[in-house]
$ cat entry_25.pdb   # PDB, C-alpha atoms
ATOM      1  CA  GLY D  11     -12.738 -11.602  -1.369  1.00  0.00           C
ATOM      2  CA  GLU D  12     -12.160 -11.654   2.347  1.00  0.00           C
ATOM      3  CA  SER D  13      -8.534 -11.813   3.311  1.00  0.00           C
ATOM      4  CA  VAL D  14      -8.827 -13.159   6.827  1.00  0.00           C
ATOM      5  CA  GLY D  15     -11.466 -14.750   8.953  1.00  0.00           C
ATOM      6  CA  LEU D  16     -13.857 -14.164  11.753  1.00  0.00           C
ATOM      7  CA  HIS D  17     -11.360 -14.198  14.591  1.00  0.00           C
ATOM      8  CA  LEU D  18      -9.490 -11.036  13.655  1.00  0.00           C
ATOM      9  CA  PRO D  19      -9.362  -8.292  16.267  1.00  0.00           C
ATOM     10  CA  THR D  20     -11.648  -5.535  15.113  1.00  0.00           C
ATOM     11  CA  LEU D  21     -11.423  -1.844  15.783  1.00  0.00           C
ATOM     12  CA  SER D  22     -14.494   0.258  15.118  1.00  0.00           C
ATOM     13  CA  VAL D  23     -14.141   4.026  14.957  1.00  0.00           C
ATOM     14  CA  GLN D  24     -16.355   6.904  14.001  1.00  0.00           C
ATOM     15  CA  GLU D  25     -15.561   8.694  10.796  1.00  0.00           C
ATOM     16  CA  GLY D  26     -13.362  11.665  11.583  1.00  0.00           C
ATOM     17  CA  ASP D  27     -11.935  10.191  14.770  1.00  0.00           C
ATOM     18  CA  ASN D  28      -8.353   9.054  15.123  1.00  0.00           C
ATOM     19  CA  SER D  29      -7.539   5.331  14.989  1.00  0.00           C
ATOM     20  CA  ILE D  30      -4.759   3.516  16.775  1.00  0.00           C
ATOM     21  CA  ILE D  31      -3.870   0.003  15.681  1.00  0.00           C
ATOM     22  CA  ASN D  32      -1.401  -1.952  17.762  1.00  0.00           C
ATOM     23  CA  CYS D  33       1.022  -4.738  16.994  1.00  0.00           C
ATOM     24  CA  ALA D  34       3.332  -6.772  19.195  1.00  0.00           C
ATOM     25  CA  TYR D  35       6.300  -8.196  17.350  1.00  0.00           C
ATOM     26  CA  SER D  36       8.221 -11.261  18.285  1.00  0.00           C
ATOM     27  CA  ASN D  37      11.885 -10.850  17.461  1.00  0.00           C
ATOM     28  CA  SER D  38      13.951  -8.375  19.453  1.00  0.00           C
ATOM     29  CA  ALA D  39      16.544  -8.450  16.654  1.00  0.00           C
ATOM     30  CA  SER D  40      14.037  -7.187  14.086  1.00  0.00           C
ATOM     31  CA  ASP D  41      15.179  -3.846  12.790  1.00  0.00           C
ATOM     32  CA  TYR D  42      12.766  -2.929  10.047  1.00  0.00           C
ATOM     33  CA  PHE D  43       8.989  -2.750  10.266  1.00  0.00           C
ATOM     34  CA  ILE D  44       6.240  -2.102   7.784  1.00  0.00           C
ATOM     35  CA  TRP D  45       2.528  -1.473   8.064  1.00  0.00           C
ATOM     36  CA  TYR D  46       0.362  -2.837   5.286  1.00  0.00           C
ATOM     37  CA  LYS D  47      -3.277  -2.206   4.448  1.00  0.00           C
ATOM     38  CA  GLN D  48      -5.333  -4.914   2.807  1.00  0.00           C
ATOM     39  CA  GLU D  49      -8.722  -4.163   1.330  1.00  0.00           C
ATOM     40  CA  SER D  50     -11.138  -6.936   0.558  1.00  0.00           C
ATOM     41  CA  GLY D  51     -10.120  -8.916  -2.489  1.00  0.00           C
ATOM     42  CA  LYS D  52      -6.804  -7.152  -2.890  1.00  0.00           C
ATOM     43  CA  GLY D  53      -3.196  -7.672  -1.983  1.00  0.00           C
ATOM     44  CA  PRO D  54      -1.547  -5.879   0.930  1.00  0.00           C
ATOM     45  CA  GLN D  55      -0.464  -2.336   0.168  1.00  0.00           C
ATOM     46  CA  PHE D  56       2.435  -0.521   1.780  1.00  0.00           C
ATOM     47  CA  ILE D  57       1.458   2.292   4.136  1.00  0.00           C
ATOM     48  CA  ILE D  58       4.547   3.295   6.053  1.00  0.00           C
ATOM     49  CA  ASP D  59       7.783   1.819   7.344  1.00  0.00           C
ATOM     50  CA  ILE D  60      10.177   2.484  10.188  1.00  0.00           C
ATOM     51  CA  ARG D  61      13.665   1.331  11.073  1.00  0.00           C
ATOM     52  CA  SER D  62      14.740   0.422  14.556  1.00  0.00           C
ATOM     53  CA  ASN D  63      16.945   3.506  14.910  1.00  0.00           C
ATOM     54  CA  MET D  64      13.785   5.608  14.983  1.00  0.00           C
ATOM     55  CA  ASP D  65      10.861   5.655  17.370  1.00  0.00           C
ATOM     56  CA  LYS D  66       8.441   7.686  15.299  1.00  0.00           C
ATOM     57  CA  ARG D  67       7.776   8.328  11.658  1.00  0.00           C
ATOM     58  CA  GLN D  68       5.024  10.351  10.046  1.00  0.00           C
ATOM     59  CA  GLY D  69       3.357  10.104   6.691  1.00  0.00           C
ATOM     60  CA  GLN D  70       0.237  11.597   5.261  1.00  0.00           C
ATOM     61  CA  ARG D  71      -2.425  11.151   7.983  1.00  0.00           C
ATOM     62  CA  VAL D  72      -0.475   8.213   9.407  1.00  0.00           C
ATOM     63  CA  THR D  73       2.106   7.938  12.156  1.00  0.00           C
ATOM     64  CA  VAL D  74       4.004   4.846  13.199  1.00  0.00           C
ATOM     65  CA  LEU D  75       5.418   4.556  16.702  1.00  0.00           C
ATOM     66  CA  LEU D  76       8.015   1.984  17.687  1.00  0.00           C
ATOM     67  CA  ASN D  77       8.755   0.946  21.260  1.00  0.00           C
ATOM     68  CA  LYS D  78      11.651  -1.484  21.158  1.00  0.00           C
ATOM     69  CA  THR D  79      11.690  -1.946  24.912  1.00  0.00           C
ATOM     70  CA  VAL D  80       8.365  -3.739  24.874  1.00  0.00           C
ATOM     71  CA  LYS D  81       8.504  -4.832  21.212  1.00  0.00           C
ATOM     72  CA  HIS D  82       5.443  -2.840  20.290  1.00  0.00           C
ATOM     73  CA  LEU D  83       4.462  -1.048  17.130  1.00  0.00           C
ATOM     74  CA  SER D  84       1.441   1.166  16.565  1.00  0.00           C
ATOM     75  CA  LEU D  85      -0.175   2.810  13.592  1.00  0.00           C
ATOM     76  CA  GLN D  86      -2.110   6.003  14.120  1.00  0.00           C
ATOM     77  CA  ILE D  87      -4.521   7.192  11.465  1.00  0.00           C
ATOM     78  CA  ALA D  88      -5.742  10.763  11.795  1.00  0.00           C
ATOM     79  CA  ALA D  89      -9.266  11.765  10.820  1.00  0.00           C
ATOM     80  CA  THR D  90     -10.268   8.253   9.823  1.00  0.00           C
ATOM     81  CA  GLN D  91     -12.239   8.014   6.609  1.00  0.00           C
ATOM     82  CA  PRO D  92     -14.513   5.306   5.179  1.00  0.00           C
ATOM     83  CA  GLY D  93     -11.769   4.428   2.706  1.00  0.00           C
ATOM     84  CA  ASP D  94      -9.552   3.446   5.616  1.00  0.00           C
ATOM     85  CA  SER D  95     -11.740   0.421   6.328  1.00  0.00           C
ATOM     86  CA  ALA D  96      -9.496  -2.576   5.757  1.00  0.00           C
ATOM     87  CA  VAL D  97      -7.320  -5.116   7.512  1.00  0.00           C
ATOM     88  CA  TYR D  98      -4.016  -3.729   8.743  1.00  0.00           C
ATOM     89  CA  PHE D  99      -0.908  -5.866   9.167  1.00  0.00           C
ATOM     90  CA  CYS D 100       2.409  -5.139  10.728  1.00  0.00           C
ATOM     91  CA  ALA D 101       5.446  -6.953   9.348  1.00  0.00           C
ATOM     92  CA  GLU D 102       8.902  -7.311  10.891  1.00  0.00           C
ATOM     93  CA  ASN D 103      12.213  -7.999   9.240  1.00  0.00           C
ATOM     94  CA  ARG D 104      15.795  -8.435  10.390  1.00  0.00           C
ATOM     95  CA  ASP D 105      18.999  -7.236   8.765  1.00  0.00           C
ATOM     96  CA  TYR D 106      17.175  -6.603   5.511  1.00  0.00           C
ATOM     97  CA  GLY D 107      16.570 -10.302   5.505  1.00  0.00           C
ATOM     98  CA  GLN D 108      13.939 -11.534   3.175  1.00  0.00           C
ATOM     99  CA  ASN D 109      11.516 -13.191   5.485  1.00  0.00           C
ATOM    100  CA  PHE D 110       9.008 -10.569   6.515  1.00  0.00           C
ATOM    101  CA  VAL D 111       6.953 -12.036   9.343  1.00  0.00           C
ATOM    102  CA  PHE D 112       3.416 -10.728   9.319  1.00  0.00           C
ATOM    103  CA  GLY D 113       1.211 -10.197  12.332  1.00  0.00           C
ATOM    104  CA  PRO D 114      -2.327 -11.608  12.403  1.00  0.00           C
ATOM    105  CA  GLY D 115      -3.898  -8.325  11.362  1.00  0.00           C
ATOM    106  CA  THR D 116      -6.527  -5.974  12.745  1.00  0.00           C
ATOM    107  CA  ARG D 117      -9.744  -5.173  10.966  1.00  0.00           C
ATOM    108  CA  LEU D 118     -10.574  -1.463  11.008  1.00  0.00           C
ATOM    109  CA  SER D 119     -14.213  -0.606  10.552  1.00  0.00           C
ATOM    110  CA  VAL D 120     -15.145   3.042  10.049  1.00  0.00           C
ATOM    111  CA  LEU D 121     -18.640   3.934  11.177  1.00  0.00           C
ATOM    112  CA  PRO D 122     -20.566   6.742   9.475  1.00  0.00           C
TER     113      PRO D 122
ATOM    114  CA  ASP X   1       4.578   0.344 -13.900  1.00  0.00           C
ATOM    115  CA  ALA X   2       1.748  -2.195 -13.889  1.00  0.00           C
ATOM    116  CA  GLY X   3       2.739  -3.647 -10.551  1.00  0.00           C
ATOM    117  CA  VAL X   4       2.966  -7.337  -9.734  1.00  0.00           C
ATOM    118  CA  ILE X   5       0.658  -9.304 -11.999  1.00  0.00           C
ATOM    119  CA  GLN X   6      -0.809 -12.630 -10.972  1.00  0.00           C
ATOM    120  CA  SER X   7      -2.972 -15.109 -12.817  1.00  0.00           C
ATOM    121  CA  PRO X   8      -5.452 -16.584 -12.535  1.00  0.00           C
ATOM    122  CA  ARG X   9      -7.337 -14.398 -10.073  1.00  0.00           C
ATOM    123  CA  HIS X  10      -9.637 -17.263  -9.203  1.00  0.00           C
ATOM    124  CA  GLU X  11      -9.226 -20.980  -9.659  1.00  0.00           C
ATOM    125  CA  VAL X  12     -11.656 -23.711  -8.693  1.00  0.00           C
ATOM    126  CA  THR X  13     -10.453 -27.247  -9.155  1.00  0.00           C
ATOM    127  CA  GLU X  14     -11.065 -30.730  -7.915  1.00  0.00           C
ATOM    128  CA  MET X  15      -8.898 -32.630  -5.516  1.00  0.00           C
ATOM    129  CA  GLY X  16      -6.068 -34.373  -7.277  1.00  0.00           C
ATOM    130  CA  GLN X  17      -5.789 -31.908 -10.124  1.00  0.00           C
ATOM    131  CA  GLU X  18      -2.667 -29.925 -10.899  1.00  0.00           C
ATOM    132  CA  VAL X  19      -2.767 -26.200 -10.241  1.00  0.00           C
ATOM    133  CA  THR X  20      -0.349 -23.659 -11.680  1.00  0.00           C
ATOM    134  CA  LEU X  21      -0.283 -20.083 -10.456  1.00  0.00           C
ATOM    135  CA  ARG X  22       1.666 -17.452 -12.343  1.00  0.00           C
ATOM    136  CA  CYS X  23       3.397 -14.226 -11.424  1.00  0.00           C
ATOM    137  CA  LYS X  24       5.087 -11.382 -13.226  1.00  0.00           C
ATOM    138  CA  PRO X  25       7.109  -9.257 -10.804  1.00  0.00           C
ATOM    139  CA  ILE X  26       7.817  -5.574 -11.155  1.00  0.00           C
ATOM    140  CA  SER X  27      10.537  -5.003 -13.716  1.00  0.00           C
ATOM    141  CA  GLY X  28      13.932  -4.536 -12.131  1.00  0.00           C
ATOM    142  CA  HIS X  29      13.045  -6.152  -8.823  1.00  0.00           C
ATOM    143  CA  ASP X  30      15.610  -8.677  -7.679  1.00  0.00           C
ATOM    144  CA  TYR X  31      13.468 -10.585  -5.214  1.00  0.00           C
ATOM    145  CA  LEU X  32      10.275 -12.528  -5.724  1.00  0.00           C
ATOM    146  CA  PHE X  33       8.181 -14.062  -2.970  1.00  0.00           C
ATOM    147  CA  TRP X  34       5.262 -16.442  -2.824  1.00  0.00           C
ATOM    148  CA  TYR X  35       2.945 -16.103   0.180  1.00  0.00           C
ATOM    149  CA  ARG X  36      -0.154 -18.009   1.171  1.00  0.00           C
ATOM    150  CA  GLN X  37      -2.980 -16.431   3.156  1.00  0.00           C
ATOM    151  CA  THR X  38      -5.561 -18.416   5.072  1.00  0.00           C
ATOM    152  CA  MET X  39      -8.005 -17.637   7.845  1.00  0.00           C
ATOM    153  CA  MET X  40      -6.207 -19.849  10.277  1.00  0.00           C
ATOM    154  CA  ARG X  41      -2.572 -19.020   9.594  1.00  0.00           C
ATOM    155  CA  GLY X  42      -2.606 -15.544   8.125  1.00  0.00           C
ATOM    156  CA  LEU X  43       0.152 -14.619   5.662  1.00  0.00           C
ATOM    157  CA  GLU X  44       2.887 -17.235   5.391  1.00  0.00           C
ATOM    158  CA  LEU X  45       6.001 -17.104   3.265  1.00  0.00           C
ATOM    159  CA  LEU X  46       6.305 -20.170   1.065  1.00  0.00           C
ATOM    160  CA  ILE X  47       9.453 -19.464  -0.933  1.00  0.00           C
ATOM    161  CA  TYR X  48      11.501 -16.598  -2.252  1.00  0.00           C
ATOM    162  CA  PHE X  49      13.916 -16.085  -5.124  1.00  0.00           C
ATOM    163  CA  ASN X  50      16.842 -13.744  -5.578  1.00  0.00           C
ATOM    164  CA  ASN X  51      17.879 -13.110  -9.172  1.00  0.00           C
ATOM    165  CA  ASN X  52      15.800 -16.108 -10.265  1.00  0.00           C
ATOM    166  CA  VAL X  53      17.490 -18.474  -7.813  1.00  0.00           C
ATOM    167  CA  PRO X  54      15.422 -20.089  -5.031  1.00  0.00           C
ATOM    168  CA  ILE X  55      16.941 -19.020  -1.732  1.00  0.00           C
ATOM    169  CA  ASP X  56      14.609 -20.277   0.958  1.00  0.00           C
ATOM    170  CA  ASP X  57      11.847 -22.797   0.387  1.00  0.00           C
ATOM    171  CA  SER X  58      11.457 -23.837   3.993  1.00  0.00           C
ATOM    172  CA  GLY X  59       7.912 -22.532   3.983  1.00  0.00           C
ATOM    173  CA  MET X  60       6.762 -24.834   1.210  1.00  0.00           C
ATOM    174  CA  PRO X  61       4.348 -27.156   2.990  1.00  0.00           C
ATOM    175  CA  GLU X  62       5.233 -30.404   1.267  1.00  0.00           C
ATOM    176  CA  ASP X  63       6.544 -31.995  -1.871  1.00  0.00           C
ATOM    177  CA  ARG X  64       3.293 -31.376  -3.661  1.00  0.00           C
ATOM    178  CA  PHE X  65       4.319 -27.739  -3.906  1.00  0.00           C
ATOM    179  CA  SER X  66       6.994 -26.524  -6.287  1.00  0.00           C
ATOM    180  CA  ALA X  67       8.027 -23.113  -7.585  1.00  0.00           C
ATOM    181  CA  LYS X  68      10.173 -22.015 -10.484  1.00  0.00           C
ATOM    182  CA  MET X  69      11.508 -18.767 -11.834  1.00  0.00           C
ATOM    183  CA  PRO X  70      12.857 -19.407 -15.325  1.00  0.00           C
ATOM    184  CA  ASN X  71      13.612 -15.738 -15.918  1.00  0.00           C
ATOM    185  CA  ALA X  72      13.461 -12.370 -14.222  1.00  0.00           C
ATOM    186  CA  SER X  73       9.942 -11.634 -15.381  1.00  0.00           C
ATOM    187  CA  PHE X  74       8.083 -14.843 -14.635  1.00  0.00           C
ATOM    188  CA  SER X  75       7.503 -17.300 -11.822  1.00  0.00           C
ATOM    189  CA  THR X  76       5.144 -20.201 -11.244  1.00  0.00           C
ATOM    190  CA  LEU X  77       3.847 -21.958  -8.169  1.00  0.00           C
ATOM    191  CA  LYS X  78       2.589 -25.447  -8.857  1.00  0.00           C
ATOM    192  CA  ILE X  79       0.568 -27.768  -6.666  1.00  0.00           C
ATOM    193  CA  GLN X  80       0.338 -31.369  -7.772  1.00  0.00           C
ATOM    194  CA  PRO X  81      -1.830 -33.073  -6.685  1.00  0.00           C
ATOM    195  CA  SER X  82      -4.015 -30.431  -5.079  1.00  0.00           C
ATOM    196  CA  GLU X  83      -5.958 -31.077  -1.877  1.00  0.00           C
ATOM    197  CA  PRO X  84      -8.862 -29.201  -0.237  1.00  0.00           C
ATOM    198  CA  ARG X  85      -6.547 -27.913   2.508  1.00  0.00           C
ATOM    199  CA  ASP X  86      -4.587 -26.045  -0.165  1.00  0.00           C
ATOM    200  CA  SER X  87      -7.543 -23.691  -0.582  1.00  0.00           C
ATOM    201  CA  ALA X  88      -6.221 -20.216   0.141  1.00  0.00           C
ATOM    202  CA  VAL X  89      -5.256 -16.953  -1.461  1.00  0.00           C
ATOM    203  CA  TYR X  90      -1.762 -17.109  -2.920  1.00  0.00           C
ATOM    204  CA  PHE X  91       0.133 -13.863  -3.245  1.00  0.00           C
ATOM    205  CA  CYS X  92       3.199 -13.075  -5.230  1.00  0.00           C
ATOM    206  CA  ALA X  93       5.305 -10.119  -4.159  1.00  0.00           C
ATOM    207  CA  SER X  94       8.503  -8.526  -5.365  1.00  0.00           C
ATOM    208  CA  ARG X  95      10.990  -6.036  -4.068  1.00  0.00           C
ATOM    209  CA  ALA X  96      14.082  -4.270  -5.173  1.00  0.00           C
ATOM    210  CA  GLY X  97      17.542  -5.148  -3.889  1.00  0.00           C
ATOM    211  CA  THR X  98      19.059  -3.644  -0.787  1.00  0.00           C
ATOM    212  CA  GLY X  99      19.273  -0.260  -2.446  1.00  0.00           C
ATOM    213  CA  GLY X 100      15.520   0.065  -2.273  1.00  0.00           C
ATOM    214  CA  THR X 101      13.213   0.917   0.586  1.00  0.00           C
ATOM    215  CA  GLY X 102      12.719  -2.723   1.426  1.00  0.00           C
ATOM    216  CA  GLU X 103       8.986  -2.819   1.007  1.00  0.00           C
ATOM    217  CA  LEU X 104       7.255  -5.702  -0.649  1.00  0.00           C
ATOM    218  CA  PHE X 105       4.930  -4.999  -3.545  1.00  0.00           C
ATOM    219  CA  PHE X 106       2.102  -7.499  -3.664  1.00  0.00           C
ATOM    220  CA  GLY X 107      -0.024  -8.694  -6.507  1.00  0.00           C
ATOM    221  CA  GLU X 108      -3.789  -8.967  -6.243  1.00  0.00           C
ATOM    222  CA  GLY X 109      -3.577 -12.653  -5.357  1.00  0.00           C
ATOM    223  CA  SER X 110      -4.878 -15.899  -6.775  1.00  0.00           C
ATOM    224  CA  ARG X 111      -7.784 -17.361  -4.865  1.00  0.00           C
ATOM    225  CA  LEU X 112      -7.633 -21.146  -5.040  1.00  0.00           C
ATOM    226  CA  THR X 113     -10.534 -23.385  -4.118  1.00  0.00           C
ATOM    227  CA  VAL X 114      -9.943 -27.126  -4.160  1.00  0.00           C
ATOM    228  CA  LEU X 115     -13.140 -29.141  -3.937  1.00  0.00           C
TER     229      LEU X 115
END
$ encode --input "entry_25.pdb" --output "structure tokens"
Amino acid sequence: GESVGLHLPTLSVQEGDNSIINCAYSNSASDYFIWYKQESGKGPQFIIDIRSNMDKRQGQRVTVLLNKTVKHLSLQIAATQPGDSAVYFCAENRDYGQNFVFGPGTRLSVLP
Amino acid sequence: DAGVIQSPRHEVTEMGQEVTLRCKPISGHDYLFWYRQTMMRGLELLIYFNNNVPIDDSGMPEDRFSAKMPNASFSTLKIQPSEPRDSAVYFCASRAGTGGTGELFFGEGSRLTVL
């Protein structure tokens, strides 16, 4: 049940370390962003969101940073665990429009 | 809530056959989306509905694809005739109206293989 193919960027981290996953978005008018996690054989699951009037938002073990100047989004995962292994997607949206545009994804691999 | 429910989870068919994928959105959600995920193109929006009405089908690849939403709790995506290049994972997602957080809730997907 692989969701994406062999050409995905991959980030490998040691269990317990912090992970940083980056995303460049395309539309400077985008004002709402979401990070999704997709485990093998499953649909994407919501992790955290952020609106363009913020530059940082924290959840449980996760932090999203937004830099509108360079159109960059990052997801930080603290104390990465084996269960965090998955493909992570950022998605952008404008004016609560309905077309969420998804990035290509990054595969996170947690090493024991 | 059971979440977004899709069926079948897996479908293997031969080129030229008709394929129908089904989706039950989360109760009360006003929007329903069909996405396709492939290795080459990632997640692509095919079509979305608002209150059962198709709003944007510009992502539907060609006339072989059609989608319907006869009521608030059911939608279908049909491919007729199917071709090998249609092989992908098809996701249905739903979300609440503007009063909600805006996130999409995805189903588990339907993996289609066209031989």
$ residues_around --input "entry_25.pdb" --residues "range 23-32 of chain D" --least-positions-apart "2" --cutoff "10 Å" --atoms "only C-alpha atoms" --output "PyMOL selection string"
chain D and resi 19-21+34-35+71-75+82-95+98-100+115-122
$ atom_distance --input "entry_25.pdb" --atom1 "CA of Phe74 in chain X" --atom2 "CA of Cys23 in chain X"
5.7 Å
$ resolve_selection --input "entry_25.pdb" --expression "the PyMOL selection byres ((chain X and resi 60) around 10)" --output "ChimeraX atom specification"
/X:34-36,44-47,56-59,61-67
$ closest_residue --input "entry_25.pdb" --among "D:Ser50, D:Gln70, D:Asn77, D:Ser62" --to "Arg104 in chain D" --atoms "all atoms listed in the file"
D:Ser62
$ interface_residues --input "entry_25.pdb" --of "chain X" --to "chain D" --cutoff "12 Å" --atoms "all atoms listed in the file" --output "ChimeraX atom specification"
/X:3-6,9-10,30-50,54-59,88-112
$ residues_near_point --input "entry_25.pdb" --point "(-6.3, -30.1, -6.9)" --cutoff "8 Å" --atoms "only C-alpha atoms" --output "PDB file with C-alpha atoms, in the coordinates of the input"
ATOM      1  CA  THR X  13     -10.453 -27.247  -9.155  1.00  0.00           C
ATOM      2  CA  GLU X  14     -11.065 -30.730  -7.915  1.00  0.00           C
ATOM      3  CA  MET X  15      -8.898 -32.630  -5.516  1.00  0.00           C
ATOM      4  CA  GLY X  16      -6.068 -34.373  -7.277  1.00  0.00           C
ATOM      5  CA  GLN X  17      -5.789 -31.908 -10.124  1.00  0.00           C
ATOM      6  CA  GLU X  18      -2.667 -29.925 -10.899  1.00  0.00           C
ATOM      7  CA  VAL X  19      -2.767 -26.200 -10.241  1.00  0.00           C
ATOM      8  CA  ILE X  79       0.568 -27.768  -6.666  1.00  0.00           C
ATOM      9  CA  GLN X  80       0.338 -31.369  -7.772  1.00  0.00           C
ATOM     10  CA  PRO X  81      -1.830 -33.073  -6.685  1.00  0.00           C
ATOM     11  CA  SER X  82      -4.015 -30.431  -5.079  1.00  0.00           C
ATOM     12  CA  GLU X  83      -5.958 -31.077  -1.877  1.00  0.00           C
ATOM     13  CA  PRO X  84      -8.862 -29.201  -0.237  1.00  0.00           C
ATOM     14  CA  VAL X 114      -9.943 -27.126  -4.160  1.00  0.00           C
ATOM     15  CA  LEU X 115     -13.140 -29.141  -3.937  1.00  0.00           C
TER      16      LEU X 115
END
$ closest_residue --input "entry_25.pdb" --among "X:Glu11, X:Asn71, X:Arg22, X:His29" --to "Asp86 in chain X" --atoms "all atoms listed in the file"
X:Glu11
$ atom_distance --input "entry_25.pdb" --atom1 "CA of Asp41 in chain D" --atom2 "CA of Ala72 in chain X"
28.4 Å
